[in-house]
$ cat protein.txt   # compact mmCIF, N, CA, C and O atoms
# COMPACT_ATOMS: atom_id res chain seq x y z
N ALA A 17 140.95 121.30 142.14
CA ALA A 17 139.84 122.21 142.45
C ALA A 17 138.94 122.33 141.23
O ALA A 17 139.41 122.35 140.11
N ARG A 18 137.68 122.45 141.49
CA ARG A 18 136.76 122.59 140.37
C ARG A 18 136.55 124.06 140.07
O ARG A 18 136.69 124.92 140.92
N ARG A 19 136.21 124.33 138.85
CA ARG A 19 135.96 125.70 138.43
C ARG A 19 134.57 126.12 138.86
O ARG A 19 133.65 125.31 138.88
N PRO A 20 134.40 127.38 139.21
CA PRO A 20 133.07 127.87 139.59
C PRO A 20 132.07 127.60 138.46
O PRO A 20 132.39 127.75 137.29
N GLY A 21 130.89 127.14 138.84
CA GLY A 21 129.86 126.88 137.85
C GLY A 21 129.93 125.50 137.23
O GLY A 21 129.09 125.13 136.44
N HIS A 22 130.98 124.72 137.58
CA HIS A 22 131.11 123.37 137.05
C HIS A 22 130.92 122.38 138.19
O HIS A 22 131.70 122.37 139.14
N PRO A 23 129.90 121.55 138.11
CA PRO A 23 129.65 120.60 139.19
C PRO A 23 130.71 119.51 139.22
O PRO A 23 131.35 119.21 138.21
N ARG A 24 130.90 118.95 140.40
CA ARG A 24 131.79 117.79 140.52
C ARG A 24 131.19 116.64 139.73
O ARG A 24 130.00 116.41 139.79
N ARG A 25 132.01 115.90 139.03
CA ARG A 25 131.51 114.80 138.22
C ARG A 25 132.20 113.49 138.55
O ARG A 25 132.27 112.62 137.72
N TYR A 26 132.72 113.35 139.75
CA TYR A 26 133.36 112.11 140.14
C TYR A 26 132.30 111.03 140.31
O TYR A 26 131.37 111.19 141.07
N LEU A 27 132.43 109.96 139.60
CA LEU A 27 131.50 108.86 139.75
C LEU A 27 132.07 107.81 140.70
O LEU A 27 131.33 107.20 141.45
N VAL A 28 133.36 107.58 140.62
CA VAL A 28 134.03 106.64 141.51
C VAL A 28 135.40 107.20 141.88
O VAL A 28 135.95 108.05 141.17
N LYS A 29 135.93 106.73 143.00
CA LYS A 29 137.27 107.12 143.44
C LYS A 29 138.08 105.88 143.73
O LYS A 29 137.56 104.90 144.26
N PHE A 30 139.36 105.92 143.38
CA PHE A 30 140.31 104.88 143.75
C PHE A 30 141.08 105.42 144.94
O PHE A 30 141.66 106.51 144.88
N ILE A 31 141.08 104.68 146.04
CA ILE A 31 141.75 105.11 147.27
C ILE A 31 142.79 104.07 147.66
O ILE A 31 142.47 102.88 147.76
N LEU A 32 144.02 104.51 147.86
CA LEU A 32 145.10 103.65 148.33
C LEU A 32 145.62 104.22 149.63
O LEU A 32 146.02 105.39 149.68
N GLU A 33 145.59 103.41 150.68
CA GLU A 33 146.12 103.83 151.97
C GLU A 33 147.19 102.84 152.38
O GLU A 33 146.96 101.63 152.40
N VAL A 34 148.38 103.37 152.68
CA VAL A 34 149.51 102.54 153.10
C VAL A 34 150.11 103.16 154.36
O VAL A 34 150.42 104.34 154.38
N ASP A 35 150.26 102.34 155.39
CA ASP A 35 150.87 102.77 156.65
C ASP A 35 152.38 102.57 156.54
O ASP A 35 152.85 101.45 156.37
N LEU A 36 153.13 103.65 156.62
CA LEU A 36 154.58 103.57 156.52
C LEU A 36 155.23 103.09 157.81
O LEU A 36 156.44 102.86 157.84
N GLY A 37 154.44 102.94 158.84
CA GLY A 37 155.00 102.51 160.11
C GLY A 37 155.80 103.61 160.77
O GLY A 37 155.84 104.75 160.30
N GLU A 38 156.43 103.27 161.86
CA GLU A 38 157.20 104.27 162.61
C GLU A 38 158.50 104.65 161.92
O GLU A 38 159.02 105.74 162.12
N THR A 39 159.05 103.76 161.09
CA THR A 39 160.36 104.01 160.50
C THR A 39 160.34 104.20 159.00
O THR A 39 161.39 104.41 158.40
N GLY A 40 159.17 104.12 158.37
CA GLY A 40 159.12 104.25 156.91
C GLY A 40 159.95 103.18 156.24
O GLY A 40 160.73 103.47 155.34
N TRP A 41 159.80 101.94 156.70
CA TRP A 41 160.57 100.81 156.19
C TRP A 41 162.07 101.08 156.28
O TRP A 41 162.82 100.87 155.34
N ASP A 42 162.46 101.58 157.44
CA ASP A 42 163.88 101.84 157.72
C ASP A 42 164.55 102.71 156.67
O ASP A 42 165.67 102.47 156.25
N GLY A 43 163.83 103.74 156.24
CA GLY A 43 164.38 104.68 155.27
C GLY A 43 164.22 104.25 153.82
O GLY A 43 164.73 104.92 152.93
N ASN A 44 163.54 103.14 153.57
CA ASN A 44 163.36 102.64 152.22
C ASN A 44 161.92 102.81 151.73
O ASN A 44 161.43 102.03 150.92
N ALA A 45 161.25 103.85 152.21
CA ALA A 45 159.84 104.05 151.89
C ALA A 45 159.61 104.22 150.38
O ALA A 45 158.68 103.63 149.83
N ALA A 46 160.44 104.98 149.70
CA ALA A 46 160.23 105.21 148.27
C ALA A 46 160.33 103.90 147.50
O ALA A 46 159.50 103.61 146.63
N SER A 47 161.30 103.09 147.81
CA SER A 47 161.48 101.80 147.14
C SER A 47 160.30 100.87 147.43
O SER A 47 159.76 100.22 146.53
N GLU A 48 159.92 100.80 148.69
CA GLU A 48 158.81 99.90 149.08
C GLU A 48 157.49 100.37 148.48
O GLU A 48 156.71 99.56 147.98
N LEU A 49 157.22 101.67 148.50
CA LEU A 49 155.99 102.18 147.90
C LEU A 49 155.98 101.94 146.39
O LEU A 49 154.94 101.61 145.82
N GLY A 50 157.12 102.09 145.75
CA GLY A 50 157.21 101.79 144.31
C GLY A 50 156.87 100.35 144.02
O GLY A 50 156.14 100.04 143.07
N ARG A 51 157.36 99.43 144.84
CA ARG A 51 157.06 98.01 144.67
C ARG A 51 155.57 97.75 144.87
O ARG A 51 154.94 97.04 144.09
N ILE A 52 155.01 98.36 145.91
CA ILE A 52 153.58 98.20 146.18
C ILE A 52 152.76 98.71 145.00
O ILE A 52 151.82 98.05 144.54
N LEU A 53 153.09 99.88 144.48
CA LEU A 53 152.34 100.44 143.36
C LEU A 53 152.46 99.58 142.11
O LEU A 53 151.47 99.35 141.40
N ARG A 54 153.65 99.05 141.82
CA ARG A 54 153.82 98.18 140.65
C ARG A 54 153.02 96.89 140.81
O ARG A 54 152.30 96.47 139.91
N TYR A 55 153.14 96.26 141.97
CA TYR A 55 152.47 94.98 142.19
C TYR A 55 150.96 95.14 142.18
O TYR A 55 150.25 94.44 141.45
N TRP A 56 150.45 96.06 142.99
CA TRP A 56 149.00 96.21 143.10
C TRP A 56 148.42 96.87 141.86
O TRP A 56 147.28 96.60 141.49
N GLY A 57 149.18 97.71 141.19
CA GLY A 57 148.71 98.28 139.94
C GLY A 57 148.50 97.20 138.89
O GLY A 57 147.51 97.18 138.16
N GLY A 58 149.43 96.25 138.82
CA GLY A 58 149.30 95.13 137.89
C GLY A 58 148.16 94.20 138.27
O GLY A 58 147.56 93.55 137.41
N ASN A 59 147.85 94.13 139.53
CA ASN A 59 146.79 93.24 140.02
C ASN A 59 145.39 93.80 139.77
O ASN A 59 144.41 93.07 139.83
N LEU A 60 145.28 95.09 139.47
CA LEU A 60 143.96 95.71 139.30
C LEU A 60 143.16 95.12 138.15
O LEU A 60 141.94 95.19 138.13
N GLY A 61 143.84 94.50 137.18
CA GLY A 61 143.15 93.89 136.05
C GLY A 61 142.23 92.75 136.44
O GLY A 61 141.39 92.33 135.65
N HIS A 62 142.35 92.27 137.66
CA HIS A 62 141.51 91.17 138.14
C HIS A 62 140.21 91.67 138.79
O HIS A 62 139.43 90.87 139.29
N PHE A 63 140.01 92.97 138.79
CA PHE A 63 138.84 93.57 139.43
C PHE A 63 138.04 94.36 138.41
O PHE A 63 138.58 94.86 137.43
N GLU A 64 136.75 94.51 138.67
CA GLU A 64 135.89 95.32 137.79
C GLU A 64 136.09 96.81 138.03
O GLU A 64 135.68 97.63 137.22
N LEU A 65 136.68 97.16 139.16
CA LEU A 65 136.89 98.55 139.57
C LEU A 65 135.55 99.29 139.71
O LEU A 65 135.34 100.36 139.16
N LYS A 66 134.66 98.66 140.44
CA LYS A 66 133.36 99.26 140.74
C LYS A 66 133.30 99.52 142.24
O LYS A 66 134.06 98.91 143.00
N PRO A 67 132.45 100.44 142.68
CA PRO A 67 132.34 100.71 144.11
C PRO A 67 132.16 99.42 144.90
O PRO A 67 131.37 98.55 144.52
N GLY A 68 132.94 99.30 145.95
CA GLY A 68 132.91 98.11 146.79
C GLY A 68 134.11 97.20 146.55
O GLY A 68 134.46 96.39 147.41
N ASP A 69 134.75 97.30 145.38
CA ASP A 69 135.96 96.50 145.13
C ASP A 69 137.09 97.02 146.00
O ASP A 69 137.14 98.20 146.36
N GLY A 70 138.02 96.15 146.33
CA GLY A 70 139.17 96.55 147.11
C GLY A 70 139.96 95.33 147.54
O GLY A 70 139.55 94.19 147.30
N SER A 71 141.08 95.58 148.16
CA SER A 71 141.92 94.49 148.62
C SER A 71 142.91 94.99 149.66
O SER A 71 143.23 96.19 149.69
N VAL A 72 143.37 94.08 150.47
CA VAL A 72 144.44 94.38 151.42
C VAL A 72 145.73 94.56 150.64
O VAL A 72 145.93 93.95 149.59
N VAL A 73 146.64 95.41 151.14
CA VAL A 73 147.94 95.65 150.52
C VAL A 73 149.02 95.14 151.47
O VAL A 73 148.97 95.41 152.68
N TYR A 74 149.97 94.38 150.92
CA TYR A 74 151.07 93.83 151.70
C TYR A 74 152.39 94.43 151.25
O TYR A 74 152.56 94.78 150.08
N ASP A 75 153.35 94.52 152.17
CA ASP A 75 154.69 94.98 151.80
C ASP A 75 155.52 93.78 151.35
O ASP A 75 155.02 92.66 151.26
N SER A 76 156.81 94.00 151.06
CA SER A 76 157.66 92.93 150.55
C SER A 76 157.91 91.84 151.58
O SER A 76 158.33 90.74 151.24
N GLY A 77 157.65 92.12 152.86
CA GLY A 77 157.76 91.11 153.91
C GLY A 77 156.44 90.40 154.15
O GLY A 77 156.29 89.68 155.13
N TYR A 78 155.48 90.60 153.26
CA TYR A 78 154.14 90.01 153.34
C TYR A 78 153.40 90.39 154.62
O TYR A 78 152.63 89.62 155.16
N ARG A 79 153.65 91.62 155.07
CA ARG A 79 152.92 92.17 156.21
C ARG A 79 151.82 93.07 155.67
O ARG A 79 152.05 93.84 154.73
N GLU A 80 150.64 92.97 156.26
CA GLU A 80 149.53 93.84 155.85
C GLU A 80 149.87 95.27 156.24
O GLU A 80 150.12 95.56 157.40
N VAL A 81 149.91 96.18 155.25
CA VAL A 81 150.28 97.56 155.52
C VAL A 81 149.22 98.57 155.05
O VAL A 81 149.42 99.77 155.20
N GLY A 82 148.13 98.08 154.50
CA GLY A 82 147.10 99.00 154.06
C GLY A 82 146.05 98.32 153.20
O GLY A 82 145.89 97.10 153.25
N HIS A 83 145.38 99.14 152.40
CA HIS A 83 144.36 98.60 151.52
C HIS A 83 144.07 99.60 150.40
O HIS A 83 144.43 100.77 150.50
N TRP A 84 143.45 99.10 149.34
CA TRP A 84 142.93 99.99 148.31
C TRP A 84 141.45 99.68 148.19
O TRP A 84 140.99 98.59 148.53
N SER A 85 140.71 100.67 147.71
CA SER A 85 139.28 100.47 147.52
C SER A 85 138.75 101.40 146.44
O SER A 85 139.36 102.39 146.09
N ILE A 86 137.61 101.01 145.92
CA ILE A 86 136.87 101.82 144.98
C ILE A 86 135.60 102.26 145.69
O ILE A 86 134.87 101.44 146.24
N THR A 87 135.35 103.55 145.71
CA THR A 87 134.16 104.07 146.37
C THR A 87 133.33 104.87 145.38
O THR A 87 133.85 105.41 144.40
N GLY A 88 132.04 104.93 145.62
CA GLY A 88 131.17 105.80 144.84
C GLY A 88 131.19 107.18 145.45
O GLY A 88 131.48 107.35 146.63
N ASP A 89 130.95 108.18 144.66
CA ASP A 89 131.00 109.55 145.18
C ASP A 89 129.66 110.20 145.03
O ASP A 89 128.97 110.05 144.09

$ encode --input "protein.txt" --output "structure tokens"
Amino acid sequence: ARRPGHPRRYLVKFILEVDLGETGWDGNAASELGRILRYWGGNLGHFELKPGDGSVVYDSGYREVGHWSITGD
């Protein structure tokens, strides 16, 4: 939350959306999300991280489960 009298100063936002599916990877959601964050976090160095950048996110079974993006605010 912002303090009264202080304008929002977000220039860009990093958004990560991951669909856990109906079963949350059969109860292994924490492990799978950790792997996704490690892998895609390491991959961010290949991007300028400017509005419009983004990529599809895959789980350990190479299934598309979401995406990340950089947006302007």

$ atom_distance --input "protein.txt" --atom1 "atom O of Pro67 in chain A" --atom2 "atom N of Val34 in chain A"
19.5 Å

$ residues_around --input "protein.txt" --residues "range 28-30 of chain A" --least-positions-apart "3" --cutoff "5 Å" --atoms "only N, CA, C and O atoms" --output "ChimeraX atom specification"
/A:85-89

$ write_last_selection --input "protein.txt" --atoms "N, CA, C and O atoms" --output "mmCIF file, in the coordinates of the input"
data_model
loop_
_atom_site.group_PDB
_atom_site.id
_atom_site.type_symbol
_atom_site.label_atom_id
_atom_site.label_comp_id
_atom_site.auth_asym_id
_atom_site.auth_seq_id
_atom_site.Cartn_x
_atom_site.Cartn_y
_atom_site.Cartn_z
ATOM 1 N N SER A 85 140.710 100.670 147.710
ATOM 2 C CA SER A 85 139.280 100.470 147.520
ATOM 3 C C SER A 85 138.750 101.400 146.440
ATOM 4 O O SER A 85 139.360 102.390 146.090
ATOM 5 N N ILE A 86 137.610 101.010 145.920
ATOM 6 C CA ILE A 86 136.870 101.820 144.980
ATOM 7 C C ILE A 86 135.600 102.260 145.690
ATOM 8 O O ILE A 86 134.870 101.440 146.240
ATOM 9 N N THR A 87 135.350 103.550 145.710
ATOM 10 C CA THR A 87 134.160 104.070 146.370
ATOM 11 C C THR A 87 133.330 104.870 145.380
ATOM 12 O O THR A 87 133.850 105.410 144.400
ATOM 13 N N GLY A 88 132.040 104.930 145.620
ATOM 14 C CA GLY A 88 131.170 105.800 144.840
ATOM 15 C C GLY A 88 131.190 107.180 145.450
ATOM 16 O O GLY A 88 131.480 107.350 146.630
ATOM 17 N N ASP A 89 130.950 108.180 144.660
ATOM 18 C CA ASP A 89 131.000 109.550 145.180
ATOM 19 C C ASP A 89 129.660 110.200 145.030
ATOM 20 O O ASP A 89 128.970 110.050 144.090
#

$ closest_residue --input "protein.txt" --among "A:Gly77, A:Trp84, A:Leu36, A:Ser71" --to "Leu49 in chain A" --atoms "only C-alpha atoms"
A:Leu36

$ select_by_dssp --input "protein.txt" --residues "chain A" --states "strand (DSSP E or B)" --output "list in words"
Val28, Lys29, Phe30, Ile31, Leu32, Glu33, Val34, Gly70, Ser71, Val72, Val73, Tyr74, Glu80, Val81, Gly82, His83, Trp84, Ser85, Ile86, Thr87 and Gly88 of chain A

$ axis_aligned_box --input "protein.txt" --around "range 36-39 of chain A" --padding-each-side "8 Å" --output "AutoDock Vina command-line options"
--center_x 157.3 --center_y 104.1 --center_z 159.6 --size_x 24.3 --size_y 19.2 --size_z 22.1

$ build_atoms --input "protein.txt" --residues "range 38-49 of chain A" --atoms "all heavy atoms" --output "compact mmCIF listing (two decimals), keeping the file's coordinate frame"
# COMPACT_ATOMS: atom_id res chain seq x y z
N GLU A 38 156.43 103.27 161.86
CA GLU A 38 157.20 104.27 162.61
C GLU A 38 158.50 104.65 161.92
O GLU A 38 159.02 105.74 162.12
CB GLU A 38 157.48 103.74 164.01
CG GLU A 38 156.24 103.58 164.85
CD GLU A 38 156.53 103.06 166.24
OE1 GLU A 38 157.71 103.10 166.66
OE2 GLU A 38 155.59 102.61 166.90
N THR A 39 159.05 103.76 161.09
CA THR A 39 160.36 104.01 160.50
C THR A 39 160.34 104.20 159.00
O THR A 39 161.39 104.41 158.40
CB THR A 39 161.33 102.86 160.83
OG1 THR A 39 160.87 101.68 160.17
CG2 THR A 39 161.44 102.64 162.32
N GLY A 40 159.17 104.12 158.37
CA GLY A 40 159.12 104.25 156.91
C GLY A 40 159.95 103.18 156.24
O GLY A 40 160.73 103.47 155.34
N TRP A 41 159.80 101.94 156.70
CA TRP A 41 160.57 100.81 156.19
C TRP A 41 162.07 101.08 156.28
O TRP A 41 162.82 100.87 155.34
CB TRP A 41 160.18 100.44 154.76
CG TRP A 41 158.83 99.81 154.66
CD1 TRP A 41 158.47 98.58 155.13
CD2 TRP A 41 157.68 100.35 154.05
NE1 TRP A 41 157.16 98.34 154.85
CE2 TRP A 41 156.63 99.41 154.18
CE3 TRP A 41 157.40 101.53 153.40
CZ2 TRP A 41 155.36 99.64 153.69
CZ3 TRP A 41 156.13 101.75 152.91
CH2 TRP A 41 155.13 100.81 153.06
N ASP A 42 162.46 101.58 157.44
CA ASP A 42 163.88 101.84 157.72
C ASP A 42 164.55 102.71 156.67
O ASP A 42 165.67 102.47 156.25
CB ASP A 42 164.64 100.52 157.89
CG ASP A 42 164.13 99.71 159.06
OD1 ASP A 42 163.79 100.31 160.10
OD2 ASP A 42 164.05 98.47 158.94
N GLY A 43 163.83 103.74 156.24
CA GLY A 43 164.38 104.68 155.27
C GLY A 43 164.22 104.25 153.82
O GLY A 43 164.73 104.92 152.93
N ASN A 44 163.54 103.14 153.57
CA ASN A 44 163.36 102.64 152.22
C ASN A 44 161.92 102.81 151.73
O ASN A 44 161.43 102.03 150.92
CB ASN A 44 163.74 101.15 152.15
CG ASN A 44 165.20 100.94 152.43
OD1 ASN A 44 166.05 101.59 151.82
ND2 ASN A 44 165.51 100.06 153.34
N ALA A 45 161.25 103.85 152.21
CA ALA A 45 159.84 104.05 151.89
C ALA A 45 159.61 104.22 150.38
O ALA A 45 158.68 103.63 149.83
CB ALA A 45 159.27 105.25 152.65
N ALA A 46 160.44 104.98 149.70
CA ALA A 46 160.23 105.21 148.27
C ALA A 46 160.33 103.90 147.50
O ALA A 46 159.50 103.61 146.63
CB ALA A 46 161.24 106.23 147.74
N SER A 47 161.30 103.09 147.81
CA SER A 47 161.48 101.80 147.14
C SER A 47 160.30 100.87 147.43
O SER A 47 159.76 100.22 146.53
CB SER A 47 162.79 101.17 147.59
OG SER A 47 162.94 99.89 147.05
N GLU A 48 159.92 100.80 148.69
CA GLU A 48 158.81 99.90 149.08
C GLU A 48 157.49 100.37 148.48
O GLU A 48 156.71 99.56 147.98
CB GLU A 48 158.71 99.83 150.59
CG GLU A 48 157.78 98.76 151.09
CD GLU A 48 158.24 97.34 150.80
OE1 GLU A 48 159.45 97.09 150.69
OE2 GLU A 48 157.36 96.47 150.67
N LEU A 49 157.22 101.67 148.50
CA LEU A 49 155.99 102.18 147.90
C LEU A 49 155.98 101.94 146.39
O LEU A 49 154.94 101.61 145.82
CB LEU A 49 155.81 103.67 148.21
CG LEU A 49 155.39 103.98 149.63
CD1 LEU A 49 155.46 105.48 149.88
CD2 LEU A 49 154.01 103.44 149.94
